[in-house]
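K.L.:
Below is the structure I would like to discuss, written out as structure tokens.
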Amino acid sequence: MQRLGTSLGKIQTPVLLTIVIAAISLLAPLGGLAMENRAIVMLINIALVVGLYSFAGLSGVLSFGHMSFMGIGAYTGALITIPLTAKSALLPELPSFIAHAEFSFPIAILIGGGVAAFVALVVSLPVARLPALAMSLALFAVLVIAYQVESNWNSVTRGRQALFGVPTGTTLGVALAVALLVIFFVYGYQESRFGLRLRASRENELAAAAIGVDVVRERRIALVLSGFVIGVAGVVYAQYLGVFTPNDFYLDVTFLTIAMLVIGGTRSLTGAVIGPILVAVLTYLLQRGETVTGPGLQQIGLALAMLAVLIFRPSGLSLGAELTISSLRSLVVRGRRRTPSAPASSAPAQLEVPDEN
Amino acid sequence: MTEIIQHLVDAAGLASLYALLALPVALVYGIMNLVNFAHGELIMIGAYGLFIFAAITLPLAAFLALVIVVLAALAMERAAFRPVRGSSPETLLVTSFAVSFLLQNAALMIFGSRPKSVETPSLFSQTVTIGGVHIEGVTILSVGLAVICIGGLVIFMKRTAFGMAMRAAAEDFTMARLVGIRANAVISGTFAISGVGAGVAAFILVVQGGSAFATMGLTPVIIAFVATMMGGLGSFSGALIGAALLGAGTVAFDVLLPTQLRSSREAFVYGAVLVVLLIRPQGLVPARRERV
């Protein structure tokens, strides 16, 4: 086991996460179409939350604005994949360079991500220079701006009316592939020197600046990369829904993704992956409960779960640790040796294993 | 000339309302580093309070609604923010975000998603015309309440022992505790004051919009955030200046934008604020710097 750990070396965390996610994705279709759709949504949420983590988790600056990049990716991806004839009927006043563009799904994913990354770059010009807390609020203003533009730019987005006719290319396989690529991409960034500098600024901004880290620049890079990842997830989500409105990229999804990240733990990639998995289970159970209590239980339950984590376990269920072979093994060993009076607190940072493991 | 005065009057009305929204948020942030997302839900609670008590005479309904908002503010602090007190500002912010979402959905569950209309006296919907300038009743109400509340707050902060304790706590919380100021009392007091601000703002918003609904706290809280951010987080005078400029900017964009873009007025206002922040990242009136 030890040798396996060293030979897998630095990529053991994303590999282990891949195993977990792939296992869920393979088992889900056994539960029927409804379960398969839940798995697709969960995988897209993983991509979104990991994208959010690549900025908020690594920099320590909470963002209320990242779902604006999701909307930008979704609209861009939809506008360049809706078949030409349908598009001219749906949006007759579209600028001609978009009106005559039709791309395949994979190209659309890249273009959607690219446009979102470009917008993130423009946003980062003023925003990345702000103090951390003001930055969180400024990104929230960005979300409002994006929502207003999407809601009022009738010739391109159909405004508040639904945009429909989007090809539904997102299958379980596509969602799984995108989620895994996002995990490896963000892990690569996290372990690169850029990610290391950004994490240094998260631990202590002044100390990082003192050893020569350009904090503003690192945050700007993170904003653009996370914008790309979330834009990609937005394209995939749009191609899952087929029909959407600006409300799909506004407060509900912002709350949902932040809750998932907080519940999983903002300070590790593992947290960003297990958060969406746990919330998927919780949502399923709460939706069952809603048949008794009426609608609303789902949101209230999620908010209470998030508050409970913030109060009792502020670093999230992952405790900020990454899933590794040694952490798994010590978990197994601890489980075997556990005696009724054994104190658990003296153990090194342990991982909470999600139900699916 | 009349036209310019008219715009100035409109801007003053809006700026007064915005100041009433921004000041409590700045106050709470100054005391405990919490940017309170759930402040909007205090306003929402106030509006539903007015809806519930509207059957009795309005002054009494307004008073009861105010009491409920203050109690809600105190309960919020006790239940959600006291357990996480002293955490990083980001944790506090995300906690208040969760509280906001919780209260919004609880309101949706209790009152449903359709707005509840609240009868207000026709006095406030009348317009006074002085020399060709139309002044709406709501404008007079906002300016009057803002002057009373902000003036009262200033006197309270400067003249009373509790006000001085609050200012000391905002300056340096640890030091204030060392000289015997009770942390719990100061923080609860600050939340009570923010509750009063929210209740007054709820009254103006209900008079203006005529209804109470679950998501009505969102726009006010965004305005409060943008105003405090533009003024400089943690600075009281900054929050007032930010609110004034935001009110003026909103009226200016309303006048200058072509009709088809007017519906995305807020997008332009917030975009302009981001440009201001590009030039002054610390805000217009930067709060004192953290010592290293």
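Identifiers in the structure tokens: chain A, B, ... in order shown; residue index from 1 per chain; ligand index from 1 in order shown.
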Please list as an MDAnalysis selection string every residue within 7 Å of segment 101-107 of chain B, counting only C-alpha atoms and excluding residues in the same chain fewer than 2 positions away.

P.N.:
(chainID A and resid 296 299:300 303) or (chainID B and resid 41 97:99 109:111 214:215)

K.L.:
Store the residues picked out above in a file with C-alpha atoms, as a compact mmCIF listing (two decimals), in the first residue's frame.

P.N.:
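So out24.txt came out as:
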# COMPACT_ATOMS: atom_id res chain seq x y z
CA GLY A 296 -39.71 24.55 1.00
CA GLN A 299 -34.13 24.81 0.96
CA ILE A 300 -34.68 25.16 4.70
CA ALA A 303 -29.66 26.14 4.99
CA GLU B 41 -34.54 39.64 5.69
CA PHE B 97 -25.86 34.27 3.73
CA ALA B 98 -27.21 30.98 5.07
CA VAL B 99 -29.43 32.81 7.58
CA MET B 109 -43.38 28.53 3.30
CA ILE B 110 -45.49 30.62 5.70
CA PHE B 111 -46.80 33.39 3.44
CA ALA B 214 -40.37 36.96 0.68
CA THR B 215 -37.55 38.12 -1.59

K.L.:
May I have the residues within 9 Å of Ile311 of chain A as number ranges by chain, using only C-alpha atoms and disregarding those fewer than 4 positions away in the same chain?

P.N.:
A: 306-307; B: 80-81, 83-84, 95

K.L.:
Calculated over only C-alpha atoms, which of the candidates A:Met42, A:Leu282, A:Leu302, A:Ile109 has the smallest distance to Ile21 of chain A?

P.N.:
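The closest residue to Ile21 of chain A is A:Met42.
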
K.L.:
Within 10 Å of segment 172-184 of chain B, counting only C-alpha atoms, which residues qualify if same-chain residues fewer than 2 places away don't, as a PyMOL selection string?

P.N.:
chain B and resi 30-32+77-78+82+162+165-170+186-190

K.L.:
Filtering to C-alpha atoms, could you give me those residues as a short mmCIF file (atom, residue, chain, number, x, y, z; two decimals), in the first residue's frame?

P.N.:
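The resulting part05.cif:
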data_model
loop_
_atom_site.label_atom_id
_atom_site.label_comp_id
_atom_site.auth_asym_id
_atom_site.auth_seq_id
_atom_site.Cartn_x
_atom_site.Cartn_y
_atom_site.Cartn_z
CA GLY B 30 -17.71 48.06 12.28
CA ILE B 31 -18.46 46.29 15.55
CA MET B 32 -17.98 42.63 14.67
CA GLU B 77 -27.45 37.45 16.62
CA ARG B 78 -28.02 35.08 19.52
CA ARG B 82 -22.82 34.41 18.49
CA PHE B 162 -23.52 53.07 25.50
CA ALA B 165 -18.83 52.02 24.31
CA MET B 166 -19.96 51.14 20.79
CA ARG B 167 -17.49 53.52 19.23
CA ALA B 168 -14.72 52.15 21.41
CA ALA B 169 -15.64 48.61 20.40
CA ALA B 170 -15.60 49.58 16.73
CA VAL B 186 -22.43 46.06 22.80
CA ILE B 187 -23.05 43.54 20.04
CA SER B 188 -26.69 42.98 21.02
CA GLY B 189 -27.18 46.75 21.20
CA THR B 190 -25.70 47.16 17.74
#

K.L.:
With distances taken over only C-alpha atoms, which of A:Tyr250, A:Tyr187, A:Phe255, A:Phe69 is nearest to chain B?

P.N.:
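Of the candidates, the smallest distance to chain B is held by A:Phe255.
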
K.L.:
Which polymer residues have any atom within 10 Å of an atom of Ser124 of chain A, counting only C-alpha atoms, with same-chain residues fewer than 6 positions away left out, as a PyMOL selection string?

P.N.:
(chain A and resi 118+130+135+139+216-217+219-224) or (chain B and resi 278)

K.L.:
Please dump the current selection as a compact mmCIF listing (two decimals), in the first residue's frame; keep N, CA and C atoms.

P.N.:
# COMPACT_ATOMS: atom_id res chain seq x y z
N PHE A 118 -12.91 35.19 -20.53
CA PHE A 118 -12.63 36.55 -20.96
C PHE A 118 -13.38 37.56 -20.09
N LEU A 130 -9.33 44.76 -5.00
CA LEU A 130 -10.03 45.12 -3.77
C LEU A 130 -9.54 44.30 -2.59
N MET A 135 -14.06 42.39 -2.11
CA MET A 135 -14.05 41.61 -3.35
C MET A 135 -15.25 40.67 -3.41
N LEU A 139 -18.07 40.97 -6.30
CA LEU A 139 -18.44 39.85 -7.17
C LEU A 139 -19.94 39.61 -7.13
N VAL A 216 -2.44 40.26 -5.96
CA VAL A 216 -3.46 40.69 -6.91
C VAL A 216 -3.36 39.87 -8.20
N ARG A 217 -2.13 39.66 -8.66
CA ARG A 217 -1.93 38.90 -9.91
C ARG A 217 -2.39 37.46 -9.74
N ARG A 219 -4.61 36.29 -7.68
CA ARG A 219 -6.07 36.24 -7.60
C ARG A 219 -6.68 36.43 -8.98
N ARG A 220 -6.05 37.27 -9.79
CA ARG A 220 -6.56 37.52 -11.14
C ARG A 220 -6.48 36.22 -11.95
N ILE A 221 -5.35 35.52 -11.85
CA ILE A 221 -5.20 34.25 -12.57
C ILE A 221 -6.28 33.27 -12.13
N ALA A 222 -6.48 33.19 -10.82
CA ALA A 222 -7.49 32.25 -10.29
C ALA A 222 -8.88 32.61 -10.79
N LEU A 223 -9.16 33.91 -10.86
CA LEU A 223 -10.48 34.35 -11.31
C LEU A 223 -10.72 33.92 -12.75
N VAL A 224 -9.70 34.07 -13.60
CA VAL A 224 -9.85 33.72 -15.01
C VAL A 224 -10.00 32.20 -15.16
N LEU B 278 -12.04 50.69 -9.30
CA LEU B 278 -10.80 50.50 -10.07
C LEU B 278 -9.80 51.59 -9.72

K.L.:
Give me the segment 133-166 of chain A side of the contact with segment 86-94 of chain B, cut-off 12 Å, one line per residue showing its nearest atom pair and distance in Å at one decimal, counting only C-alpha atoms, sorted by chain and residue number, as CSV.

P.N.:
residue,atom,partner,partner_atom,distance
A:Leu133,CA,B:Glu90,CA,6.9
A:Ala134,CA,B:Glu90,CA,10.5
A:Met135,CA,B:Glu90,CA,10.8
A:Ser136,CA,B:Glu90,CA,8.5
A:Leu137,CA,B:Leu93,CA,9.8

K.L.:
Hey, can you check how far atom CA of Ala99 of chain A sits from atom CA of Ala86 of chain A?

P.N.:
10.3 Å

K.L.:
Show me, as a CSV table (one decimal) with N, CA and C atoms, in the first residue's frame, the residues that have an atom within 9 Å of Leu180 of chain A when counting only C-alpha atoms, minus same-chain residues fewer than 5 positions from it.

P.N.:
chain,number,residue,atom,x,y,z
A,14,PRO,N,-6.8,13.1,-6.9
A,14,PRO,CA,-7.8,13.1,-8.0
A,14,PRO,C,-8.1,11.7,-8.4
A,17,LEU,N,-10.6,10.4,-6.0
A,17,LEU,CA,-11.9,11.0,-6.2
A,17,LEU,C,-12.5,10.5,-7.5
A,18,THR,N,-11.7,10.2,-8.5
A,18,THR,CA,-12.3,9.6,-9.7
A,18,THR,C,-12.9,8.3,-9.5
A,21,ILE,N,-16.3,9.0,-7.8
A,21,ILE,CA,-17.3,9.5,-8.7
A,21,ILE,C,-17.7,8.5,-9.7
A,22,ALA,N,-16.7,7.8,-10.3
A,22,ALA,CA,-17.0,6.9,-11.4
A,22,ALA,C,-17.9,5.8,-10.8
A,43,LEU,N,-23.0,15.5,-11.0
A,43,LEU,CA,-21.7,15.7,-11.7
A,43,LEU,C,-21.5,17.1,-12.2
A,47,ALA,N,-18.6,19.9,-11.0
A,47,ALA,CA,-17.8,20.7,-11.9
A,47,ALA,C,-17.9,22.2,-11.4
A,175,ALA,N,-21.2,14.3,-18.7
A,175,ALA,CA,-21.1,14.9,-17.4
A,175,ALA,C,-19.9,14.4,-16.6
A,185,PHE,N,-7.8,19.2,-13.8
A,185,PHE,CA,-7.3,20.5,-14.2
A,185,PHE,C,-7.1,21.4,-12.9

K.L.:
So the first atom is atom CA of Gly283 of chain B and the second is atom CA of Ala22 of chain B; what is the distance between them in Å, to one decimal place?

P.N.:
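Between these atoms lies a distance of 14.3 Å.
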
K.L.:
Write out as a ChimeraX atom specification which residues come within 12 Å of Phe97 of chain A when counting only C-alpha atoms, dropping same-chain ones fewer than 4 positions away.

P.N.:
/A:79-80,84,93,101-102,156

K.L.:
Keeping only N, CA and C atoms, write the selected residues as a PDB file, in the first residue's frame.

P.N.:
ATOM      1  N   LEU A  79     -26.221  29.610 -27.787  1.00  0.00           N
ATOM      2  CA  LEU A  79     -26.381  30.417 -29.001  1.00  0.00           C
ATOM      3  C   LEU A  79     -25.591  29.860 -30.174  1.00  0.00           C
ATOM      4  N   ILE A  80     -24.494  29.141 -29.894  1.00  0.00           N
ATOM      5  CA  ILE A  80     -23.705  28.625 -31.021  1.00  0.00           C
ATOM      6  C   ILE A  80     -23.989  27.149 -31.294  1.00  0.00           C
ATOM      7  N   LEU A  84     -29.387  26.365 -37.073  1.00  0.00           N
ATOM      8  CA  LEU A  84     -29.535  27.685 -37.699  1.00  0.00           C
ATOM      9  C   LEU A  84     -30.982  28.071 -37.970  1.00  0.00           C
ATOM     10  N   GLU A  93     -33.297  38.940 -34.376  1.00  0.00           N
ATOM     11  CA  GLU A  93     -32.460  40.141 -34.363  1.00  0.00           C
ATOM     12  C   GLU A  93     -31.029  39.863 -33.905  1.00  0.00           C
ATOM     13  N   ALA A 101     -23.509  31.061 -36.825  1.00  0.00           N
ATOM     14  CA  ALA A 101     -22.524  30.159 -36.221  1.00  0.00           C
ATOM     15  C   ALA A 101     -23.219  28.900 -35.698  1.00  0.00           C
ATOM     16  N   GLU A 102     -22.683  27.750 -36.079  1.00  0.00           N
ATOM     17  CA  GLU A 102     -23.180  26.514 -35.492  1.00  0.00           C
ATOM     18  C   GLU A 102     -21.994  25.590 -35.255  1.00  0.00           C
ATOM     19  N   VAL A 156     -30.679  38.947 -27.923  1.00  0.00           N
ATOM     20  CA  VAL A 156     -29.696  37.868 -27.860  1.00  0.00           C
ATOM     21  C   VAL A 156     -30.129  36.750 -26.899  1.00  0.00           C
TER      22      VAL A 156
END

K.L.:
Find the residues near segment 205-211 of chain B: any atom within 8 Å, counting only C-alpha atoms, skip ones fewer than 2 places away on the same chain, and give them as a PyMOL selection string.

P.N.:
chain B and resi 47+51+115-120+124+138+201-203+213

K.L.:
Pull C-alpha atoms from the residues just selected and write them as a CSV table (one decimal), in the first residue's frame.

P.N.:
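Heads up, here's the output in out-v1.csv:
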chain,number,residue,atom,x,y,z
B,47,ALA,CA,-42.8,44.4,6.0
B,51,PHE,CA,-49.0,43.3,6.8
B,115,PRO,CA,-46.9,39.5,-2.5
B,116,LYS,CA,-49.2,40.5,0.3
B,117,SER,CA,-50.5,44.0,-0.3
B,118,VAL,CA,-50.5,46.4,2.6
B,119,GLU,CA,-52.8,49.4,2.8
B,120,THR,CA,-51.0,52.6,3.6
B,124,PHE,CA,-48.0,59.3,1.3
B,138,VAL,CA,-42.6,59.1,-0.1
B,201,ALA,CA,-36.6,51.1,5.9
B,202,ALA,CA,-39.3,48.4,5.7
B,203,PHE,CA,-41.9,51.1,6.5
B,213,PHE,CA,-43.0,39.6,-0.2

K.L.:
So, counting only C-alpha atoms, which residue among A:Leu285, A:Leu143, A:Ile11, A:Leu317 is closest to chain B?

P.N.:
A:Leu143
